[in-house]
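Engineer: For reference, the file final.csv (CSV, C-alpha atoms) is included below:
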chain,number,residue,atom,x,y,z
U,100,MET,CA,-18.6,-1.5,48.1
U,101,LEU,CA,-18.3,-5.3,48.2
U,102,GLU,CA,-14.8,-6.7,48.7
U,103,LYS,CA,-13.4,-8.3,45.6
U,104,LYS,CA,-12.9,-12.1,45.5
U,105,LYS,CA,-9.3,-13.1,45.2
U,106,ILE,CA,-8.3,-15.4,42.4
U,107,LEU,CA,-4.9,-17.1,41.9
U,108,LEU,CA,-4.0,-17.7,38.3
U,109,VAL,CA,-1.0,-20.1,38.1
U,110,GLY,CA,1.0,-20.6,34.9
U,111,GLU,CA,0.4,-19.0,31.5
U,112,SER,CA,4.1,-18.0,31.0
U,113,TRP,CA,7.1,-19.3,29.2
U,114,ILE,CA,10.6,-18.4,28.2
U,115,SER,CA,11.9,-19.1,24.7
U,116,SER,CA,15.5,-19.1,23.4
U,117,ALA,CA,16.8,-18.6,19.9
U,118,SER,CA,20.1,-19.0,18.0
U,119,HIS,CA,20.8,-16.3,15.4
U,120,ALA,CA,23.5,-17.0,12.8
U,121,LYS,CA,24.8,-14.2,10.6
U,122,GLY,CA,27.5,-15.5,8.4
U,123,PHE,CA,30.6,-16.3,10.6
U,124,ASP,CA,28.9,-14.8,13.7
U,125,GLN,CA,26.2,-16.0,15.9
U,126,PHE,CA,24.5,-15.0,19.1
U,127,PHE,CA,21.7,-16.2,21.4
U,128,THR,CA,18.6,-14.5,22.8
U,129,THR,CA,15.9,-15.3,25.3
U,130,THR,CA,12.4,-13.9,25.4
U,131,ALA,CA,9.9,-14.0,28.2
U,132,HIS,CA,6.2,-14.5,27.3
U,133,SER,CA,2.9,-14.2,29.1
U,134,GLY,CA,-0.3,-15.8,27.9
U,135,ALA,CA,-2.3,-14.1,30.6
U,136,VAL,CA,-2.4,-10.5,29.4
U,137,ASN,CA,-5.8,-10.6,27.7
U,138,PHE,CA,-7.5,-12.5,30.6
U,139,LEU,CA,-6.0,-10.1,33.1
U,140,ASN,CA,-7.2,-7.1,31.1
U,141,ALA,CA,-10.7,-8.6,30.9
U,142,MET,CA,-10.8,-9.0,34.7
U,143,ARG,CA,-10.2,-5.3,35.4
U,144,ASP,CA,-13.1,-3.5,37.0
U,145,THR,CA,-14.8,-6.7,37.9
U,146,PRO,CA,-15.7,-8.3,41.2
U,147,TYR,CA,-12.4,-10.3,41.0
U,148,ASP,CA,-8.9,-9.4,42.1
U,149,VAL,CA,-6.6,-11.8,40.0
U,150,THR,CA,-3.1,-12.5,41.1
U,151,HIS,CA,-0.9,-14.0,38.3
U,152,MET,CA,1.8,-16.4,39.5
U,153,PRO,CA,3.9,-17.2,36.4
U,154,SER,CA,5.2,-20.8,36.0
U,155,GLU,CA,8.8,-19.8,36.7
U,156,VAL,CA,7.7,-18.3,40.0
U,157,ALA,CA,5.3,-21.1,41.0
U,158,GLN,CA,7.9,-23.8,41.2
U,159,SER,CA,9.4,-22.1,44.3
U,160,GLN,CA,6.6,-19.8,45.5
U,161,PHE,CA,3.3,-21.7,45.2
U,162,PRO,CA,2.0,-22.2,48.7
U,163,ALA,CA,3.0,-25.4,50.5
U,164,ALA,CA,0.3,-25.1,53.2
U,165,VAL,CA,-3.5,-24.9,52.8
U,166,GLU,CA,-3.6,-22.0,55.2
U,167,ASP,CA,-1.7,-19.9,52.7
U,168,LEU,CA,-4.4,-20.5,50.0
U,169,THR,CA,-7.4,-19.6,52.1
U,170,GLU,CA,-7.4,-16.0,51.0
U,171,TYR,CA,-8.3,-17.1,47.4
U,172,ALA,CA,-11.8,-17.9,46.3
U,173,ALA,CA,-10.5,-20.0,43.5
U,174,ILE,CA,-7.3,-21.2,41.8
U,175,ILE,CA,-6.8,-21.4,38.0
U,176,LEU,CA,-4.1,-23.8,36.7
U,177,SER,CA,-3.4,-22.8,33.1
U,178,ASP,CA,-0.7,-24.4,30.9
U,179,ILE,CA,1.5,-25.4,33.9
U,180,GLY,CA,2.6,-29.0,34.2
U,181,ALA,CA,2.2,-31.1,37.4
U,182,ASN,CA,6.0,-31.3,37.8
U,183,THR,CA,6.3,-27.6,38.5
U,184,LEU,CA,4.1,-27.9,41.5
U,185,LEU,CA,5.5,-31.3,42.6
U,186,ILE,CA,9.2,-30.7,42.4
U,187,HIS,CA,10.2,-27.8,44.7
U,188,PRO,CA,13.9,-26.6,44.3
U,189,ASP,CA,14.6,-27.9,47.8
U,190,THR,CA,13.8,-31.4,46.5
U,191,TRP,CA,15.3,-31.0,43.1
U,192,LEU,CA,18.6,-29.3,44.2
U,193,HIS,CA,19.1,-30.5,47.8
U,194,SER,CA,17.2,-33.8,48.1
U,195,LYS,CA,15.0,-32.5,50.9
U,196,ALA,CA,11.5,-33.6,51.6
U,197,PHE,CA,8.8,-31.0,50.8
U,198,PRO,CA,5.0,-31.0,50.9
U,199,ASN,CA,3.1,-32.4,47.9
U,200,ARG,CA,1.4,-29.2,46.7
U,201,LEU,CA,-1.1,-31.1,44.6
U,202,LYS,CA,-2.4,-32.6,47.8
U,203,VAL,CA,-2.4,-29.1,49.4
U,204,ILE,CA,-4.8,-28.0,46.6
U,205,VAL,CA,-7.0,-31.0,47.3
U,206,GLU,CA,-7.3,-29.9,51.0
U,207,TYR,CA,-8.0,-26.4,49.8
U,208,VAL,CA,-10.9,-27.5,47.7
U,209,LYS,CA,-12.3,-29.8,50.4
U,210,ASN,CA,-12.4,-26.7,52.6
U,211,GLY,CA,-14.6,-24.9,50.1
U,212,GLY,CA,-12.1,-23.6,47.4
U,213,GLY,CA,-12.6,-23.7,43.7
U,214,ILE,CA,-10.3,-25.2,41.1
U,215,MET,CA,-10.3,-24.5,37.4
U,216,MET,CA,-8.0,-26.0,34.8
U,217,VAL,CA,-7.6,-24.2,31.4
U,218,GLY,CA,-6.2,-26.2,28.5
U,219,GLY,CA,-2.8,-25.9,26.8
U,220,TYR,CA,0.3,-27.8,25.9
U,221,LEU,CA,1.1,-28.3,29.7
U,222,SER,CA,-2.5,-28.9,30.9
U,223,PHE,CA,-4.3,-32.2,31.5
U,224,GLN,CA,-1.9,-34.7,30.0
U,225,GLY,CA,-0.4,-32.3,27.5
U,226,VAL,CA,2.2,-32.5,24.7
U,227,ASN,CA,4.0,-35.8,24.7
U,228,GLY,CA,2.1,-36.6,28.0
U,229,GLN,CA,4.4,-34.1,29.8
U,230,ALA,CA,1.8,-32.2,31.8
U,231,ARG,CA,1.1,-35.6,33.5
U,232,TYR,CA,-2.0,-34.8,35.6
U,233,ARG,CA,-3.4,-38.3,35.0
U,234,ASN,CA,-3.6,-40.3,38.2
U,235,THR,CA,-2.7,-37.3,40.3
U,236,PRO,CA,-4.7,-35.7,43.2
U,237,ILE,CA,-5.6,-32.9,40.9
U,238,GLU,CA,-7.2,-35.2,38.3
U,239,ARG,CA,-9.4,-36.6,41.1
U,240,LEU,CA,-10.9,-33.2,41.6
U,241,LEU,CA,-11.7,-32.4,38.0
U,242,PRO,CA,-15.0,-32.9,36.2
U,243,VAL,CA,-13.0,-34.8,33.5
U,244,ALA,CA,-10.4,-37.6,33.3
U,245,CYS,CA,-7.1,-37.3,31.5
U,246,LEU,CA,-6.0,-39.6,28.7
U,247,PRO,CA,-2.8,-41.7,29.3
U,248,TYR,CA,-1.0,-40.1,26.3
U,249,ASP,CA,-0.5,-36.9,24.4
U,250,ASP,CA,-4.1,-35.5,24.5
U,251,ARG,CA,-3.8,-32.6,22.0
U,252,GLN,CA,-6.3,-32.2,19.3
U,253,GLU,CA,-4.7,-29.8,16.8
U,254,THR,CA,-7.4,-28.4,14.5
U,255,PRO,CA,-5.9,-25.5,12.4
U,256,GLU,CA,-9.0,-25.5,10.3
U,257,GLY,CA,-11.1,-24.6,13.4
U,258,SER,CA,-13.2,-26.7,15.7
U,259,PRO,CA,-16.8,-25.7,16.3
U,260,VAL,CA,-18.2,-25.1,19.8
U,261,SER,CA,-21.6,-26.4,20.8
U,262,VAL,CA,-23.4,-25.5,24.0
U,263,VAL,CA,-25.2,-28.6,25.3
U,264,ASP,CA,-26.6,-27.1,28.6
U,265,ALA,CA,-27.9,-23.7,27.7
U,266,ALA,CA,-29.6,-23.3,31.1
U,267,HIS,CA,-26.3,-23.5,33.0
U,268,PRO,CA,-25.1,-20.2,34.5
U,269,VAL,CA,-21.6,-20.6,33.0
U,270,VAL,CA,-23.1,-19.8,29.6
U,271,ALA,CA,-25.7,-17.3,30.7
U,272,GLY,CA,-25.9,-14.2,28.5
U,273,LEU,CA,-23.4,-15.5,25.9
U,274,PRO,CA,-24.0,-15.1,22.2
U,275,GLY,CA,-25.6,-18.1,20.4
U,276,THR,CA,-22.7,-18.5,18.0
U,277,TRP,CA,-19.1,-19.0,19.3
U,278,PRO,CA,-16.0,-18.6,17.3
U,279,PRO,CA,-14.1,-21.8,16.4
U,280,LEU,CA,-11.1,-22.9,18.4
U,281,LEU,CA,-7.8,-24.1,16.8
U,282,GLY,CA,-7.2,-26.9,19.2
U,283,TYR,CA,-7.9,-28.4,22.7
U,284,ASN,CA,-7.0,-31.1,25.1
U,285,GLU,CA,-9.1,-34.3,24.6
U,286,VAL,CA,-10.5,-35.6,27.9
U,287,THR,CA,-13.4,-37.8,29.1
U,288,LEU,CA,-16.3,-36.7,31.2
U,289,HIS,CA,-16.3,-37.7,34.9
U,290,PRO,CA,-19.6,-39.5,35.8
U,291,ASP,CA,-20.4,-37.0,38.5
U,292,ALA,CA,-19.8,-34.0,36.2
U,293,THR,CA,-22.1,-31.7,34.2
U,294,LEU,CA,-21.2,-31.2,30.6
U,295,VAL,CA,-21.9,-27.6,29.5
U,296,ALA,CA,-20.2,-27.2,26.1
U,297,THR,CA,-18.4,-29.4,23.6
U,298,VAL,CA,-15.8,-28.8,20.9
U,299,GLY,CA,-14.8,-30.5,17.7
U,300,GLU,CA,-16.6,-32.8,15.3
U,301,ASP,CA,-16.5,-35.6,17.9
U,302,SER,CA,-18.1,-33.4,20.6
U,303,HIS,CA,-15.3,-33.6,23.2
U,304,PRO,CA,-15.8,-31.8,26.5
U,305,LEU,CA,-14.9,-28.1,26.4
U,306,ILE,CA,-16.6,-26.8,29.5
U,307,ALA,CA,-17.5,-29.2,32.3
U,308,VAL,CA,-18.3,-28.6,36.0
U,309,ARG,CA,-18.5,-30.6,39.1
U,310,ASP,CA,-19.6,-30.1,42.7
U,311,LEU,CA,-17.2,-31.4,45.3
U,312,GLY,CA,-19.0,-31.1,48.6
U,313,ARG,CA,-18.0,-27.6,49.8
U,314,GLY,CA,-15.8,-27.0,46.8
U,315,ARG,CA,-16.2,-26.9,43.0
U,316,SER,CA,-14.2,-27.6,39.9
U,317,LEU,CA,-14.5,-26.5,36.3
U,318,VAL,CA,-12.5,-27.0,33.1
U,319,TRP,CA,-12.1,-25.2,29.8
U,320,THR,CA,-10.1,-27.5,27.7
U,321,SER,CA,-8.7,-25.0,25.2
U,322,ASP,CA,-6.3,-22.1,25.6
U,323,MET,CA,-7.2,-18.8,27.2
U,324,SER,CA,-4.9,-17.1,24.6
U,325,VAL,CA,-2.6,-18.1,21.8
U,326,HIS,CA,-2.3,-20.4,20.0
U,327,TRP,CA,-5.6,-22.4,20.3
U,328,MET,CA,-7.6,-19.3,21.0
U,329,PRO,CA,-7.6,-17.1,17.9
U,330,ASP,CA,-8.0,-13.4,17.9
U,331,ASP,CA,-11.7,-13.8,17.0
U,332,TYR,CA,-12.3,-14.7,20.7
U,333,LEU,CA,-10.6,-11.5,21.9
U,334,ALA,CA,-13.0,-9.5,19.8
U,335,TRP,CA,-16.0,-11.7,20.6
U,336,PRO,CA,-18.6,-10.0,22.8
U,337,GLY,CA,-18.7,-13.1,25.0
U,338,TYR,CA,-15.0,-13.3,25.9
U,339,ARG,CA,-15.2,-11.3,29.1
U,340,THR,CA,-18.6,-12.7,30.1
U,341,LEU,CA,-17.4,-16.3,29.7
U,342,TRP,CA,-14.6,-15.9,32.2
U,343,LEU,CA,-16.8,-13.9,34.6
U,344,ASN,CA,-19.5,-16.7,34.4
U,345,CYS,CA,-16.9,-19.3,35.1
U,346,LEU,CA,-15.6,-17.5,38.2
U,347,ASP,CA,-19.1,-16.7,39.4
U,348,TRP,CA,-20.1,-20.3,39.3
U,349,LEU,CA,-16.8,-21.5,40.7
U,350,THR,CA,-16.8,-19.2,43.7
U,351,THR,CA,-20.5,-19.6,44.6
U,352,ARG,CA,-20.8,-21.9,47.6
U,353,THR,CA,-23.7,-24.3,47.8
Let me see the file written as structure tokens.
Structural biologist:
Amino acid sequence: MLEKKKILLVGESWISSASHAKGFDQFFTTTAHSGAVNFLNAMRDTPYDVTHMPSEVAQSQFPAAVEDLTEYAAIILSDIGANTLLIHPDTWLHSKAFPNRLKVIVEYVKNGGGIMMVGGYLSFQGVNGQARYRNTPIERLLPVACLPYDDRQETPEGSPVSVVDAAHPVVAGLPGTWPPLLGYNEVTLHPDATLVATVGEDSHPLIAVRDLGRGRSLVWTSDMSVHWMPDDYLAWPGYRTLWLNCLDWLTTRT
């Protein structure tokens, strides 16, 4: 039996708080959420062993040395802002110098690793520009460039998906018709990238890929779960195949 390739999924978690008022009385609650459940379920019994590192863990536990990333064939950053990886608690709380983990990822990719960014409110430039990957070492790896402002395209009516490179292995074996998406991050294509699929009436990049010497990068500019990815995708015959194709391409060394 072949050894499974290890994948590190970083992000896809959040904590919400609510205030409940009942007449004179009130109380507060907090709820933890994971947007990775469907993806992780789809990756069961596949050639990939996916480790999920939630956002609240990544701030302190994401590796600060490239040697600690070498066990992974690829890293997926999904809905996690640059600040979470940049500002370690030692720096935030104790004013201590700490390695720039965005630069650590760059070294990892130069050594043959794969990097994938999945869209969301805290991906690319994100809501109110708060994801802030523009002009960072990570952006320089991607097959797309980030806009200098809030890049969300909210399309509650649904945005059509079009495959523009049907011969690319990332879309191999997928149905001809894809469900619409409810939103995505708007980006621009890097000149060295290959555009595989577009989304929306203005044909913005949805899937783009790029070879980076020994490493590779790939983007999917919409969610991997709620809210931009509707339930139709979870029932779509291509949901599992899409992610497997992405990982297959990302972890294949040229």
Engineer: Please report as CSV every residue of region 141-171 of chain U lying within 10 Å of region 178-192 of chain U, along with the nearest atom pair and their distance in Å (one decimal), using all atoms listed in the file.
Structural biologist:
residue,atom,partner,partner_atom,distance
U:Pro153,CA,U:Ile179,CA,8.9
U:Ser154,CA,U:Ile179,CA,6.3
U:Glu155,CA,U:Thr183,CA,8.4
U:Val156,CA,U:Thr183,CA,9.5
U:Ala157,CA,U:Leu184,CA,6.9
U:Gln158,CA,U:Thr183,CA,4.9
U:Ser159,CA,U:His187,CA,5.8
U:Gln160,CA,U:His187,CA,8.8
U:Phe161,CA,U:Leu184,CA,7.3
U:Pro162,CA,U:Leu184,CA,9.4
U:Ala163,CA,U:Leu184,CA,9.4
Engineer: Region 232-238 of chain U: which residues within 8 Å, counting only C-alpha atoms, same-chain residues fewer than 2 positions away excluded, as a short mmCIF file (atom, residue, chain, number, x, y, z; two decimals) with C-alpha atoms, keeping the file's coordinate frame?
Structural biologist:
data_model
loop_
_atom_site.label_atom_id
_atom_site.label_comp_id
_atom_site.auth_asym_id
_atom_site.auth_seq_id
_atom_site.Cartn_x
_atom_site.Cartn_y
_atom_site.Cartn_z
CA GLY U 180 2.60 -29.00 34.20
CA ALA U 181 2.20 -31.10 37.40
CA LEU U 201 -1.10 -31.10 44.60
CA LYS U 202 -2.40 -32.60 47.80
CA ILE U 204 -4.80 -28.00 46.60
CA VAL U 205 -7.00 -31.00 47.30
CA SER U 222 -2.50 -28.90 30.90
CA PHE U 223 -4.30 -32.20 31.50
CA GLN U 224 -1.90 -34.70 30.00
CA ALA U 230 1.80 -32.20 31.80
CA LEU U 240 -10.90 -33.20 41.60
CA LEU U 241 -11.70 -32.40 38.00
CA VAL U 243 -13.00 -34.80 33.50
CA ALA U 244 -10.40 -37.60 33.30
CA CYS U 245 -7.10 -37.30 31.50
CA LEU U 246 -6.00 -39.60 28.70
CA PRO U 247 -2.80 -41.70 29.30
#
Engineer: Write out as a VMD selection string the residues lying within 8 Å of His132 (chain U), counting all atoms listed in the file and excluding same-chain residues fewer than 3 positions away.
Structural biologist: chain U and resid 112 to 115
Engineer: Find the residue from U:Val149, U:Leu341, U:Leu176, U:Val109 that sits nearest to Gly218 (chain U); use all atoms listed in the file when measuring.
Structural biologist: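 Using all atoms listed in the file, Gly218 (chain U) sits closest to U:Leu176.
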Engineer: Expressed in Å to a single decimal, how great is the separation between CA of Ala117 (chain U) and CA of Gln229 (chain U)?
Structural biologist: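 The value is 22.2 Å.
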Engineer: Missing atoms in region 111-122 of chain U need filling: write out all heavy atoms for it as a tab-separated table (two decimals), in the coordinates of the input.
Structural biologist:
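Below is the file that was written, rebuild-v8.tsv:
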chain	number	residue	atom	x	y	z
U	111	GLU	N	0.59	-19.91	32.62
U	111	GLU	CA	0.40	-19.00	31.50
U	111	GLU	C	1.68	-18.10	31.29
U	111	GLU	O	1.58	-16.89	31.08
U	111	GLU	CB	-0.80	-18.09	31.69
U	111	GLU	CG	-2.08	-18.75	31.20
U	111	GLU	CD	-2.04	-19.18	29.74
U	111	GLU	OE1	-1.38	-18.50	28.92
U	111	GLU	OE2	-2.68	-20.19	29.42
U	112	SER	N	2.86	-18.70	31.38
U	112	SER	CA	4.10	-18.00	31.00
U	112	SER	C	5.10	-18.98	30.51
U	112	SER	O	5.04	-20.17	30.82
U	112	SER	CB	4.66	-17.26	32.27
U	112	SER	OG	5.15	-18.20	33.21
U	113	TRP	N	6.01	-18.49	29.69
U	113	TRP	CA	7.10	-19.30	29.20
U	113	TRP	C	8.24	-18.49	28.71
U	113	TRP	O	8.10	-17.29	28.49
U	113	TRP	CB	6.58	-20.25	28.05
U	113	TRP	CG	6.13	-19.56	26.81
U	113	TRP	CD1	6.84	-19.39	25.65
U	113	TRP	CD2	4.84	-18.95	26.56
U	113	TRP	NE1	6.08	-18.70	24.71
U	113	TRP	CE2	4.86	-18.43	25.25
U	113	TRP	CE3	3.69	-18.79	27.34
U	113	TRP	CZ2	3.76	-17.77	24.70
U	113	TRP	CZ3	2.60	-18.12	26.78
U	113	TRP	CH2	2.64	-17.63	25.49
U	114	ILE	N	9.39	-19.12	28.62
U	114	ILE	CA	10.60	-18.40	28.20
U	114	ILE	C	11.13	-19.20	26.95
U	114	ILE	O	11.28	-20.42	26.98
U	114	ILE	CB	11.67	-18.40	29.27
U	114	ILE	CG1	11.15	-17.59	30.47
U	114	ILE	CG2	12.98	-17.80	28.75
U	114	ILE	CD1	12.05	-17.66	31.70
U	115	SER	N	11.39	-18.48	25.87
U	115	SER	CA	11.90	-19.10	24.70
U	115	SER	C	13.34	-18.62	24.40
U	115	SER	O	13.70	-17.51	24.78
U	115	SER	CB	11.02	-18.79	23.45
U	115	SER	OG	10.98	-17.39	23.22
U	116	SER	N	14.13	-19.48	23.78
U	116	SER	CA	15.50	-19.10	23.40
U	116	SER	C	15.68	-19.32	21.92
U	116	SER	O	15.04	-20.19	21.32
U	116	SER	CB	16.52	-19.94	24.19
U	116	SER	OG	16.35	-21.31	23.93
U	117	ALA	N	16.55	-18.51	21.32
U	117	ALA	CA	16.80	-18.60	19.90
U	117	ALA	C	18.26	-18.42	19.58
U	117	ALA	O	18.99	-17.71	20.29
U	117	ALA	CB	15.97	-17.51	19.15
U	118	SER	N	18.70	-19.09	18.54
U	118	SER	CA	20.10	-19.00	18.00
U	118	SER	C	20.03	-18.21	16.71
U	118	SER	O	19.28	-18.59	15.81
U	118	SER	CB	20.69	-20.34	17.85
U	118	SER	OG	21.96	-20.24	17.23
U	119	HIS	N	20.82	-17.15	16.61
U	119	HIS	CA	20.80	-16.30	15.40
U	119	HIS	C	22.22	-16.45	14.74
U	119	HIS	O	23.24	-16.15	15.37
U	119	HIS	CB	20.59	-14.85	15.76
U	119	HIS	CG	19.36	-14.62	16.57
U	119	HIS	ND1	18.17	-14.19	16.03
U	119	HIS	CD2	19.12	-14.76	17.91
U	119	HIS	CE1	17.26	-14.07	16.98
U	119	HIS	NE2	17.82	-14.41	18.13
U	120	ALA	N	22.24	-16.90	13.50
U	120	ALA	CA	23.50	-17.00	12.80
U	120	ALA	C	23.52	-16.03	11.62
U	120	ALA	O	22.59	-15.98	10.81
U	120	ALA	CB	23.65	-18.45	12.22
U	121	LYS	N	24.58	-15.21	11.60
U	121	LYS	CA	24.80	-14.20	10.60
U	121	LYS	C	26.14	-14.37	9.97
U	121	LYS	O	27.12	-13.76	10.43
U	121	LYS	CB	24.56	-12.79	11.11
U	121	LYS	CG	23.14	-12.55	11.66
U	121	LYS	CD	22.93	-11.11	12.09
U	121	LYS	CE	21.50	-10.90	12.56
U	121	LYS	NZ	21.22	-9.49	12.92
U	122	GLY	N	26.22	-15.25	8.97
U	122	GLY	CA	27.50	-15.50	8.40
U	122	GLY	C	28.42	-16.23	9.41
U	122	GLY	O	28.06	-17.23	10.01
